[in-house]
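Below is the file start_15.tsv, which contains TSV, C-alpha atoms (C1' of nucleotides).
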```tsv
chain	number	residue	atom	x	y	z
A	261	MET	CA	-25.71	-16.65	-177.82
A	262	SER	CA	-23.12	-19.04	-176.39
A	263	GLY	CA	-20.11	-17.43	-174.82
A	264	SER	CA	-17.80	-19.21	-177.22
A	265	GLU	CA	-18.17	-16.72	-180.04
A	266	MET	CA	-17.32	-13.89	-177.72
A	267	LYS	CA	-14.05	-15.50	-176.83
A	268	LYS	CA	-12.89	-15.53	-180.43
A	269	LYS	CA	-12.27	-11.82	-180.30
A	270	GLU	CA	-9.40	-11.00	-178.01
A	271	ALA	CA	-11.04	-8.44	-175.73
A	272	GLU	CA	-13.80	-6.54	-177.47
A	273	LEU	CA	-15.56	-5.96	-174.20
A	274	CYS	CA	-13.83	-4.80	-171.07
A	275	GLN	CA	-15.01	-6.71	-168.11
A	276	HIS	CA	-16.73	-4.03	-166.16
A	277	THR	CA	-17.39	-1.71	-169.08
A	278	CYS	CA	-16.04	1.02	-166.85
A	279	ASP	CA	-18.93	0.66	-164.45
A	280	HIS	CA	-21.56	1.85	-166.92
A	281	PRO	CA	-22.60	-0.90	-169.35
A	282	ASP	CA	-25.92	0.83	-170.00
A	283	VAL	CA	-24.21	3.99	-171.20
A	284	VAL	CA	-22.21	2.00	-173.72
A	285	GLU	CA	-25.38	0.45	-175.07
A	286	GLU	CA	-27.02	3.87	-175.29
A	287	VAL	CA	-24.08	5.30	-177.18
A	288	ARG	CA	-24.06	2.34	-179.53
A	289	LYS	CA	-27.69	2.89	-180.41
A	290	ALA	CA	-27.29	6.63	-180.81
A	291	MET	CA	-24.44	6.33	-183.32
A	292	PRO	CA	-25.24	7.79	-186.75
A	293	GLY	CA	-25.42	5.45	-189.74
A	294	GLU	CA	-22.18	4.19	-191.22
A	295	GLN	CA	-22.77	5.74	-194.62
A	296	LEU	CA	-23.46	9.14	-193.11
A	297	GLN	CA	-20.30	9.04	-191.04
A	298	GLN	CA	-18.35	7.92	-194.07
A	299	ASP	CA	-19.66	10.89	-196.03
A	300	VAL	CA	-18.75	13.34	-193.29
A	301	ALA	CA	-15.26	11.87	-193.04
A	302	GLN	CA	-14.94	12.19	-196.80
A	303	LEU	CA	-15.98	15.84	-196.67
A	304	PHE	CA	-13.41	16.66	-194.00
A	305	LYS	CA	-10.78	14.66	-195.85
A	306	VAL	CA	-11.28	16.82	-198.93
A	307	LEU	CA	-10.95	19.94	-196.78
A	308	GLY	CA	-7.89	18.48	-195.07
A	309	ASP	CA	-5.27	19.44	-197.61
A	310	HIS	CA	-3.08	22.52	-197.70
A	311	THR	CA	-3.44	23.16	-201.40
A	312	ARG	CA	-7.21	22.77	-201.38
A	313	ILE	CA	-7.59	25.04	-198.36
A	314	ARG	CA	-5.59	27.69	-200.17
A	315	ILE	CA	-7.75	27.29	-203.27
A	316	LEU	CA	-10.91	27.70	-201.21
A	317	ASN	CA	-9.52	30.76	-199.44
A	318	ALA	CA	-8.84	32.34	-202.80
A	319	LEU	CA	-12.25	31.46	-204.20
A	320	TYR	CA	-13.86	32.80	-201.05
A	321	ARG	CA	-12.88	36.28	-202.22
A	322	SER	CA	-13.67	36.00	-205.88
A	323	GLU	CA	-14.55	33.76	-208.76
A	324	LEU	CA	-11.27	32.87	-210.45
A	325	CYS	CA	-9.99	30.98	-213.47
A	326	VAL	CA	-7.44	28.19	-213.27
A	327	CYS	CA	-4.50	30.32	-214.36
A	328	ASP	CA	-5.37	32.91	-211.73
A	329	LEU	CA	-5.24	30.20	-209.09
A	330	THR	CA	-2.04	28.83	-210.57
A	331	SER	CA	-0.52	32.28	-210.21
A	332	ILE	CA	-1.83	32.95	-206.71
A	333	LEU	CA	-0.74	29.58	-205.37
A	334	GLY	CA	2.55	29.64	-207.28
A	335	MET	CA	2.28	26.06	-208.35
A	336	ASN	CA	1.89	23.76	-211.31
A	337	GLN	CA	-1.20	24.18	-213.47
A	338	SER	CA	-1.65	20.42	-213.55
A	339	ALA	CA	-1.56	20.15	-209.78
A	340	VAL	CA	-4.16	22.90	-209.48
A	341	SER	CA	-6.44	21.25	-212.02
A	342	HIS	CA	-6.18	17.91	-210.23
A	343	GLN	CA	-7.18	19.47	-206.92
A	344	LEU	CA	-10.00	21.41	-208.54
A	345	ARG	CA	-11.33	18.11	-209.81
A	346	VAL	CA	-11.36	16.74	-206.28
A	347	LEU	CA	-13.21	19.81	-205.04
A	348	ARG	CA	-15.65	19.65	-207.93
A	349	ASP	CA	-16.38	15.97	-207.37
A	350	ALA	CA	-17.12	16.78	-203.73
A	351	ARG	CA	-19.52	19.53	-204.84
A	352	ILE	CA	-17.49	22.11	-202.96
A	353	VAL	CA	-16.74	24.25	-205.97
A	354	ARG	CA	-18.48	24.63	-209.29
A	355	SER	CA	-17.21	25.78	-212.66
A	356	ARG	CA	-18.46	27.60	-215.70
A	357	LYS	CA	-16.81	28.26	-219.03
A	358	LYS	CA	-16.02	31.73	-220.26
A	359	GLY	CA	-14.23	31.71	-223.60
A	360	LYS	CA	-10.95	29.88	-223.26
A	361	ASN	CA	-11.11	30.02	-219.49
A	362	VAL	CA	-12.98	28.06	-216.85
A	363	LEU	CA	-14.11	30.09	-213.87
A	364	TYR	CA	-14.36	28.44	-210.50
A	365	SER	CA	-16.34	29.55	-207.46
A	366	LEU	CA	-17.56	28.13	-204.17
A	367	ASP	CA	-20.62	25.96	-204.69
A	368	ASP	CA	-22.16	26.23	-201.28
A	369	SER	CA	-22.21	28.85	-198.57
A	370	HIS	CA	-22.20	26.15	-195.90
A	371	ILE	CA	-18.65	25.36	-196.91
A	372	SER	CA	-17.56	28.92	-196.10
A	373	ASP	CA	-19.06	28.50	-192.65
A	374	LEU	CA	-17.19	25.26	-192.12
A	375	ILE	CA	-13.88	26.78	-193.14
A	376	ARG	CA	-14.46	29.90	-191.10
A	377	LEU	CA	-15.19	27.74	-188.05
A	378	GLY	CA	-12.03	25.81	-188.72
A	379	PHE	CA	-9.98	29.00	-188.76
A	380	GLU	CA	-11.65	30.25	-185.59
A	381	HIS	CA	-10.81	27.03	-183.81
A	382	VAL	CA	-7.16	27.09	-184.86
A	383	GLN	CA	-6.77	30.72	-183.84
A	384	HIS	CA	-8.08	29.90	-180.37
B	134	MET	CA	12.50	42.71	-209.91
B	135	SER	CA	13.86	41.85	-213.33
B	136	GLY	CA	11.54	39.93	-215.55
B	137	SER	CA	14.06	37.15	-215.96
B	138	GLU	CA	13.09	35.33	-212.79
B	139	MET	CA	9.48	35.29	-213.82
B	140	LYS	CA	10.33	33.51	-217.05
B	141	LYS	CA	11.83	30.56	-215.26
B	142	LYS	CA	8.40	29.25	-214.37
B	143	GLU	CA	6.55	27.93	-217.38
B	144	ALA	CA	3.28	29.82	-217.23
B	145	GLU	CA	2.51	31.04	-213.77
B	146	LEU	CA	0.62	34.00	-215.09
B	147	CYS	CA	-2.05	33.76	-217.72
B	148	GLN	CA	-1.74	36.46	-220.30
B	149	HIS	CA	-4.83	38.45	-219.60
B	150	THR	CA	-5.33	37.29	-216.05
B	151	CYS	CA	-8.93	36.73	-217.08
B	152	ASP	CA	-9.50	40.45	-217.58
B	153	HIS	CA	-9.14	41.32	-213.92
B	154	PRO	CA	-5.49	41.55	-212.89
B	155	ASP	CA	-6.38	43.82	-209.97
B	156	VAL	CA	-8.72	41.25	-208.46
B	157	VAL	CA	-5.98	38.65	-208.54
B	158	GLU	CA	-3.65	41.00	-206.71
B	159	GLU	CA	-6.34	41.73	-204.13
B	160	VAL	CA	-6.95	38.06	-203.52
B	161	ARG	CA	-3.24	37.42	-203.23
B	162	LYS	CA	-2.91	40.05	-200.51
B	163	ALA	CA	-6.00	38.88	-198.65
B	164	MET	CA	-4.81	35.28	-198.38
B	165	PRO	CA	-4.30	34.09	-194.80
B	166	GLY	CA	-0.79	33.21	-193.63
B	167	GLU	CA	0.68	29.93	-194.75
B	168	GLN	CA	1.08	28.56	-191.25
B	169	LEU	CA	-2.52	29.32	-190.41
B	170	GLN	CA	-3.78	27.59	-193.52
B	171	GLN	CA	-1.53	24.63	-192.81
B	172	ASP	CA	-3.00	24.34	-189.32
B	173	VAL	CA	-6.55	24.45	-190.61
B	174	ALA	CA	-5.77	21.81	-193.22
B	175	GLN	CA	-4.22	19.67	-190.49
B	176	LEU	CA	-7.34	20.04	-188.34
B	177	PHE	CA	-9.63	18.95	-191.15
B	178	LYS	CA	-7.27	16.14	-192.05
B	179	VAL	CA	-7.56	14.73	-188.54
B	180	LEU	CA	-11.34	14.94	-188.80
B	181	GLY	CA	-11.25	13.35	-192.24
B	182	ASP	CA	-11.11	9.72	-191.22
B	183	HIS	CA	-13.96	7.28	-190.77
B	184	THR	CA	-12.64	5.73	-187.57
B	185	ARG	CA	-11.89	9.07	-185.94
B	186	ILE	CA	-15.31	10.45	-186.85
B	187	ARG	CA	-16.91	7.41	-185.24
B	188	ILE	CA	-14.82	7.89	-182.12
B	189	LEU	CA	-15.87	11.53	-181.89
B	190	ASN	CA	-19.52	10.65	-182.39
B	191	ALA	CA	-19.29	8.22	-179.51
B	192	LEU	CA	-17.48	10.66	-177.24
B	193	TYR	CA	-20.03	13.31	-178.13
B	194	ARG	CA	-22.57	11.34	-176.08
B	195	SER	CA	-20.42	10.36	-173.16
B	196	GLU	CA	-16.97	10.13	-171.69
B	197	LEU	CA	-15.71	6.64	-172.49
B	198	CYS	CA	-12.72	4.44	-171.81
B	199	VAL	CA	-10.68	2.77	-174.54
B	200	CYS	CA	-12.28	-0.64	-174.15
B	201	ASP	CA	-15.73	0.91	-174.42
B	202	LEU	CA	-14.70	2.50	-177.69
B	203	THR	CA	-13.13	-0.74	-178.84
B	204	SER	CA	-16.44	-2.46	-178.19
B	205	ILE	CA	-18.60	0.21	-179.79
B	206	LEU	CA	-16.47	0.44	-182.91
B	207	GLY	CA	-15.93	-3.30	-183.08
B	208	MET	CA	-12.28	-2.99	-183.90
B	209	ASN	CA	-8.79	-3.66	-182.64
B	210	GLN	CA	-7.76	-2.08	-179.35
B	211	SER	CA	-4.44	-1.10	-180.85
B	212	ALA	CA	-6.07	0.64	-183.78
B	213	VAL	CA	-8.32	2.59	-181.43
B	214	SER	CA	-5.40	3.62	-179.25
B	215	HIS	CA	-3.43	4.80	-182.26
B	216	GLN	CA	-6.32	6.96	-183.45
B	217	LEU	CA	-6.90	8.32	-179.95
B	218	ARG	CA	-3.30	9.42	-179.96
B	219	VAL	CA	-3.85	11.33	-183.19
B	220	LEU	CA	-6.92	13.02	-181.72
B	221	ARG	CA	-5.09	13.80	-178.49
B	222	ASP	CA	-2.10	15.30	-180.31
B	223	ALA	CA	-4.53	17.52	-182.21
B	224	ARG	CA	-6.10	18.62	-178.91
B	225	ILE	CA	-9.48	17.33	-180.06
B	226	VAL	CA	-9.91	14.92	-177.20
B	227	ARG	CA	-8.42	14.79	-173.74
B	228	SER	CA	-7.89	11.91	-171.35
B	229	ARG	CA	-7.83	11.27	-167.64
B	230	LYS	CA	-6.93	8.16	-165.71
B	231	LYS	CA	-9.40	6.31	-163.54
B	232	GLY	CA	-7.96	3.21	-161.99
B	233	LYS	CA	-6.86	0.84	-164.70
B	234	ASN	CA	-8.81	2.71	-167.32
B	235	VAL	CA	-8.24	5.88	-169.27
B	236	LEU	CA	-11.34	7.94	-169.92
B	237	TYR	CA	-11.54	10.03	-173.06
B	238	SER	CA	-13.79	12.99	-173.78
B	239	LEU	CA	-14.06	15.83	-176.27
B	240	ASP	CA	-11.62	18.58	-175.42
B	241	ASP	CA	-13.39	21.49	-177.03
B	242	SER	CA	-16.98	22.38	-177.72
B	243	HIS	CA	-15.96	24.08	-180.98
B	244	ILE	CA	-15.16	20.65	-182.33
B	245	SER	CA	-18.72	19.50	-181.75
B	246	ASP	CA	-19.92	22.50	-183.71
B	247	LEU	CA	-17.59	21.66	-186.58
B	248	ILE	CA	-18.74	18.07	-186.73
B	249	ARG	CA	-22.38	19.03	-186.44
B	250	LEU	CA	-21.96	21.46	-189.32
B	251	GLY	CA	-20.27	18.73	-191.32
B	252	PHE	CA	-23.22	16.41	-190.79
B	253	GLU	CA	-25.69	19.14	-191.68
B	254	HIS	CA	-23.88	19.80	-194.91
B	255	VAL	CA	-23.80	16.15	-195.93
B	256	GLN	CA	-27.49	15.69	-195.12
B	257	HIS	CA	-28.35	18.61	-197.43
C	75	DT	C1'	-6.77	25.48	-241.74
C	76	DT	C1'	-2.71	26.20	-238.26
C	77	DA	C1'	-0.73	28.17	-234.09
C	78	DT	C1'	-1.34	29.39	-229.47
C	79	DC	C1'	-3.40	29.65	-225.14
C	80	DA	C1'	-6.27	27.45	-221.24
C	81	DT	C1'	-7.57	23.45	-219.12
C	82	DA	C1'	-8.08	18.45	-218.30
C	83	DT	C1'	-6.39	13.90	-217.67
C	84	DG	C1'	-3.72	9.38	-217.55
C	85	DA	C1'	0.43	7.18	-215.94
C	86	DG	C1'	4.07	6.94	-212.78
C	87	DT	C1'	6.15	7.84	-208.32
C	88	DG	C1'	7.40	9.07	-203.59
C	89	DG	C1'	5.56	9.94	-199.32
C	90	DC	C1'	2.09	9.62	-195.97
C	91	DT	C1'	-1.26	6.96	-193.08
C	92	DG	C1'	-4.29	3.42	-191.00
C	93	DT	C1'	-4.16	-1.21	-189.59
C	94	DT	C1'	-2.12	-5.41	-187.58
C	95	DC	C1'	1.13	-7.84	-184.72
C	96	DA	C1'	4.01	-8.09	-181.01
C	97	DT	C1'	5.44	-6.17	-176.99
C	98	DA	C1'	5.97	-2.73	-173.28
C	99	DT	C1'	4.05	-0.05	-169.44
C	100	DG	C1'	0.99	0.53	-165.74
C	101	DT	C1'	-2.53	-0.63	-162.41
C	102	DC	C1'	-5.11	-3.42	-159.39
C	103	DG	C1'	-6.30	-7.77	-156.64
C	104	DG	C1'	-4.66	-11.56	-154.25
D	33	DC	C1'	5.70	-10.63	-154.96
D	34	DC	C1'	2.58	-12.38	-158.88
D	35	DG	C1'	-1.00	-12.83	-162.49
D	36	DA	C1'	-4.71	-10.56	-165.04
D	37	DC	C1'	-6.45	-6.67	-167.14
D	38	DA	C1'	-6.20	-1.94	-169.61
D	39	DT	C1'	-3.67	0.90	-172.45
D	40	DA	C1'	0.29	2.54	-175.17
D	41	DT	C1'	3.75	2.11	-178.61
D	42	DG	C1'	7.18	0.58	-182.22
D	43	DA	C1'	7.82	-1.90	-186.49
D	44	DA	C1'	6.18	-3.55	-190.72
D	45	DC	C1'	3.08	-3.44	-194.50
D	46	DA	C1'	-0.50	-2.20	-197.71
D	47	DG	C1'	-3.30	1.19	-199.64
D	48	DC	C1'	-4.02	5.82	-200.71
D	49	DC	C1'	-2.89	10.51	-202.38
D	50	DA	C1'	-0.69	14.76	-204.10
D	51	DC	C1'	2.55	16.03	-207.26
D	52	DT	C1'	5.13	15.82	-211.88
D	53	DC	C1'	5.45	14.83	-216.63
D	54	DA	C1'	3.60	14.16	-220.90
D	55	DT	C1'	-0.18	14.55	-223.64
D	56	DA	C1'	-5.02	15.32	-225.00
D	57	DT	C1'	-9.04	18.33	-225.55
D	58	DG	C1'	-11.09	22.62	-226.51
D	59	DA	C1'	-11.44	27.37	-227.87
D	60	DT	C1'	-9.75	31.65	-229.93
D	61	DA	C1'	-7.22	34.35	-233.38
D	62	DA	C1'	-4.84	34.96	-237.63
```

Encoding of this model in structure tokens:
Amino acid sequence: MSGSEMKKKEAELCQHTCDHPDVVEEVRKAMPGEQLQQDVAQLFKVLGDHTRIRILNALYRSELCVCDLTSILGMNQSAVSHQLRVLRDARIVRSRKKGKNVLYSLDDSHISDLIRLGFEHVQH
Amino acid sequence: MSGSEMKKKEAELCQHTCDHPDVVEEVRKAMPGEQLQQDVAQLFKVLGDHTRIRILNALYRSELCVCDLTSILGMNQSAVSHQLRVLRDARIVRSRKKGKNVLYSLDDSHISDLIRLGFEHVQH
DNA sequence: TTATCATATGAGTGGCTGTTCATATGTCGG
DNA sequence: CCGACATATGAACAGCCACTCATATGATAA
């Protein structure tokens, strides 16, 4: 309660709180939980990679095996597998075995919506 | 055209293309341009950070100055400024001066939609 | 079984990125 | 002018991450 502990931090509060201290308090209370925000950030982080976006764009059209993706992306099979693991861990794609191959597809339709919205935004 | 240049790469094409070589070709042609995909990945990458998500959640409720954000997030003013720069460069937030302060707000309503969709997805 | 193809994975590495620290710029009040 | 406050920015550093290489697992065919 004493003002001393406030002074430890350099300047966490601006003096006049921009003339609206109540708004700041409102915003603070309305903030989503930390875990939830962390999860959302994690989701966007997984989507925020060139290779993974290309993989998702390919899978958006058709279920594909790893070597198909390797061919379409023109990159290392190992690199593709590593990124597929990231996408699988994030529950963005799912896989099923078919003989020697493993077929990948989008796990959730919500993800397509997210990506589509992302493209719309970038294209103005 | 000669097959020699294909052989340089170890195994870019699986032998049977998973029994659907035509589909692979279709997908390849339907892929969005590289630059576009890079831009989308960049957009998601900017959204894919805990601190930046928290900033956007705060700005979603109200226009705020840097010290307000510093207070709400409970972190270094410098760190907040650095992240605001990232968001500004990505045209996700915009700023305007008011006296000594700089007020930040969301630049585009599409961004709110994207974030909302992200939260919906995470919350099942 | 052995050989080959398809995929997964661990280790190592270079590059990127978020934070801190120090400092610079800019604005207002006195 | 000066001091105090608000914000921006550059440098340095630590942690993370995507790729490569080598190798392991698994499945099919002969």

Could you check the closest approach to chain B for each of C:DG103, C:DT93, C:DT78, C:DA98 and tell me which residue wins, using only C-alpha atoms (C1' of nucleotides)?
C:DT93

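Note that the spacing between atom CA of B:Thr184 and atom CA of A:Arg288 amounts to 14.4 Å.
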
From the options A:Leu366, A:Leu329, A:Gly308, A:Arg348, which residue's atoms come nearest to chain B, counting all atoms listed in the file?
A:Gly308

I'd like the contact shell of stretch 46-50 of chain D - 10 Å cut-off, all atoms listed in the file, skipping same-chain residues fewer than 3 positions apart - returned as a list in words.
Asp309, Thr311, Ala339, His342 and Gln343 of chain A; DG88, DG89, DC90, DT91, DG92 and DT93 of chain C

At most 9 Å is the cut-off: for each residue in chain D with any atom that close to an atom of chain A, write down the nearest atom pair and the distance in Å rounded to one decimal, counting only C-alpha atoms (C1' of nucleotides), chain first then increasing number, as a tab-separated table.
```
residue	atom	partner	partner_atom	distance
D:DC37	C1'	A:Cys274	CA	8.6
D:DA38	C1'	A:Cys274	CA	8.3
D:DA50	C1'	A:Ala339	CA	7.9
D:DC51	C1'	A:Ala339	CA	6.3
D:DT52	C1'	A:Ala339	CA	8.2
D:DG58	C1'	A:Lys360	CA	8.0
D:DA59	C1'	A:Lys360	CA	5.3
D:DT60	C1'	A:Lys360	CA	7.0
```

Considering all atoms listed in the file, extract the chain C residues located within 12 Å of chain A and return them as a PyMOL selection string.
chain C and resi 78-84

Set the cut-off to 7 Å and count all atoms listed in the file: what are the residues of chain B that reach chain A? Output as a ChimeraX atom specification.
/B:145-147,150-151,157,160-161,164,170-178,180-183,186-187,190-191,194,198,200-201,203-205,207,243,247,250-252,254-255

Please compute the atom C1' of C:DA77-atom C1' of D:DA61 distance, one decimal, in Å.
9.0 Å

Counting only C-alpha atoms (C1' of nucleotides), which residues sit no farther than 12 Å from the position (4.3, -11.3, -181.8) in the file's frame? I'd like them as an MDAnalysis selection string.
(chainID C and resid 94:97) or (chainID D and resid 43:44)

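Distance-wise, atom CA of A:Tyr364 and atom CA of B:Asp155 end up 17.3 Å apart.
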
Using only C-alpha atoms (C1' of nucleotides), pick whichever of D:DA54, D:DA62, D:DA36, D:DC45 has the shortest atom-to-atom distance to C:DT75.
D:DA62

Rebuild stretch 213-239 of chain B so that it carries N, CA and C atoms, then output the result as a PDB file, in the frame of the given file.
```
ATOM      1  N   VAL B 213      -7.613   1.527-182.140  1.00  0.00           N
ATOM      2  CA  VAL B 213      -8.320   2.590-181.430  1.00  0.00           C
ATOM      3  C   VAL B 213      -7.330   3.480-180.680  1.00  0.00           C
ATOM      4  N   SER B 214      -6.401   2.854-179.994  1.00  0.00           N
ATOM      5  CA  SER B 214      -5.400   3.620-179.250  1.00  0.00           C
ATOM      6  C   SER B 214      -4.598   4.533-180.172  1.00  0.00           C
ATOM      7  N   HIS B 215      -4.203   3.995-181.309  1.00  0.00           N
ATOM      8  CA  HIS B 215      -3.430   4.800-182.260  1.00  0.00           C
ATOM      9  C   HIS B 215      -4.223   6.024-182.703  1.00  0.00           C
ATOM     10  N   GLN B 216      -5.507   5.824-182.997  1.00  0.00           N
ATOM     11  CA  GLN B 216      -6.320   6.960-183.450  1.00  0.00           C
ATOM     12  C   GLN B 216      -6.575   7.938-182.313  1.00  0.00           C
ATOM     13  N   LEU B 217      -6.717   7.427-181.102  1.00  0.00           N
ATOM     14  CA  LEU B 217      -6.900   8.320-179.950  1.00  0.00           C
ATOM     15  C   LEU B 217      -5.667   9.210-179.768  1.00  0.00           C
ATOM     16  N   ARG B 218      -4.524   8.628-180.062  1.00  0.00           N
ATOM     17  CA  ARG B 218      -3.300   9.420-179.960  1.00  0.00           C
ATOM     18  C   ARG B 218      -3.309  10.568-180.956  1.00  0.00           C
ATOM     19  N   VAL B 219      -3.756  10.286-182.168  1.00  0.00           N
ATOM     20  CA  VAL B 219      -3.850  11.330-183.190  1.00  0.00           C
ATOM     21  C   VAL B 219      -4.788  12.437-182.720  1.00  0.00           C
ATOM     22  N   LEU B 220      -5.933  12.033-182.178  1.00  0.00           N
ATOM     23  CA  LEU B 220      -6.920  13.020-181.720  1.00  0.00           C
ATOM     24  C   LEU B 220      -6.400  13.805-180.520  1.00  0.00           C
ATOM     25  N   ARG B 221      -5.645  13.128-179.665  1.00  0.00           N
ATOM     26  CA  ARG B 221      -5.090  13.800-178.490  1.00  0.00           C
ATOM     27  C   ARG B 221      -4.017  14.801-178.905  1.00  0.00           C
ATOM     28  N   ASP B 222      -3.154  14.401-179.828  1.00  0.00           N
ATOM     29  CA  ASP B 222      -2.100  15.300-180.310  1.00  0.00           C
ATOM     30  C   ASP B 222      -2.711  16.552-180.950  1.00  0.00           C
ATOM     31  N   ALA B 223      -3.881  16.381-181.555  1.00  0.00           N
ATOM     32  CA  ALA B 223      -4.530  17.520-182.210  1.00  0.00           C
ATOM     33  C   ALA B 223      -5.387  18.312-181.227  1.00  0.00           C
ATOM     34  N   ARG B 224      -5.323  17.934-179.957  1.00  0.00           N
ATOM     35  CA  ARG B 224      -6.100  18.620-178.910  1.00  0.00           C
ATOM     36  C   ARG B 224      -7.604  18.561-179.173  1.00  0.00           C
ATOM     37  N   ILE B 225      -8.056  17.483-179.777  1.00  0.00           N
ATOM     38  CA  ILE B 225      -9.480  17.330-180.060  1.00  0.00           C
ATOM     39  C   ILE B 225     -10.152  16.529-178.961  1.00  0.00           C
ATOM     40  N   VAL B 226      -9.406  15.620-178.372  1.00  0.00           N
ATOM     41  CA  VAL B 226      -9.910  14.920-177.200  1.00  0.00           C
ATOM     42  C   VAL B 226      -8.888  15.066-176.069  1.00  0.00           C
ATOM     43  N   ARG B 227      -9.352  14.837-174.863  1.00  0.00           N
ATOM     44  CA  ARG B 227      -8.420  14.790-173.740  1.00  0.00           C
ATOM     45  C   ARG B 227      -8.706  13.537-172.924  1.00  0.00           C
ATOM     46  N   SER B 228      -7.759  13.163-172.082  1.00  0.00           N
ATOM     47  CA  SER B 228      -7.890  11.910-171.350  1.00  0.00           C
ATOM     48  C   SER B 228      -7.572  12.117-169.874  1.00  0.00           C
ATOM     49  N   ARG B 229      -8.157  11.258-169.059  1.00  0.00           N
ATOM     50  CA  ARG B 229      -7.830  11.270-167.640  1.00  0.00           C
ATOM     51  C   ARG B 229      -7.870   9.825-167.143  1.00  0.00           C
ATOM     52  N   LYS B 230      -7.002   9.518-166.215  1.00  0.00           N
ATOM     53  CA  LYS B 230      -6.930   8.160-165.710  1.00  0.00           C
ATOM     54  C   LYS B 230      -7.975   7.930-164.624  1.00  0.00           C
ATOM     55  N   LYS B 231      -8.531   6.715-164.636  1.00  0.00           N
ATOM     56  CA  LYS B 231      -9.400   6.310-163.540  1.00  0.00           C
ATOM     57  C   LYS B 231      -9.141   4.848-163.274  1.00  0.00           C
ATOM     58  N   GLY B 232      -8.341   4.588-162.282  1.00  0.00           N
ATOM     59  CA  GLY B 232      -7.960   3.210-161.990  1.00  0.00           C
ATOM     60  C   GLY B 232      -7.163   2.645-163.146  1.00  0.00           C
ATOM     61  N   LYS B 233      -7.572   1.465-163.590  1.00  0.00           N
ATOM     62  CA  LYS B 233      -6.860   0.840-164.700  1.00  0.00           C
ATOM     63  C   LYS B 233      -7.207   1.485-166.029  1.00  0.00           C
ATOM     64  N   ASN B 234      -8.318   2.191-166.048  1.00  0.00           N
ATOM     65  CA  ASN B 234      -8.810   2.710-167.320  1.00  0.00           C
ATOM     66  C   ASN B 234      -8.339   4.127-167.599  1.00  0.00           C
ATOM     67  N   VAL B 235      -8.474   4.501-168.855  1.00  0.00           N
ATOM     68  CA  VAL B 235      -8.240   5.880-169.270  1.00  0.00           C
ATOM     69  C   VAL B 235      -9.509   6.374-169.933  1.00  0.00           C
ATOM     70  N   LEU B 236     -10.074   7.426-169.386  1.00  0.00           N
ATOM     71  CA  LEU B 236     -11.340   7.940-169.920  1.00  0.00           C
ATOM     72  C   LEU B 236     -11.075   9.085-170.885  1.00  0.00           C
ATOM     73  N   TYR B 237     -11.696   8.995-172.037  1.00  0.00           N
ATOM     74  CA  TYR B 237     -11.540  10.030-173.060  1.00  0.00           C
ATOM     75  C   TYR B 237     -12.823  10.845-173.199  1.00  0.00           C
ATOM     76  N   SER B 238     -12.633  12.132-173.529  1.00  0.00           N
ATOM     77  CA  SER B 238     -13.790  12.990-173.780  1.00  0.00           C
ATOM     78  C   SER B 238     -13.370  14.075-174.765  1.00  0.00           C
ATOM     79  N   LEU B 239     -14.360  14.742-175.340  1.00  0.00           N
ATOM     80  CA  LEU B 239     -14.060  15.830-176.270  1.00  0.00           C
ATOM     81  C   LEU B 239     -13.398  16.966-175.504  1.00  0.00           C
TER      82      LEU B 239
END
```
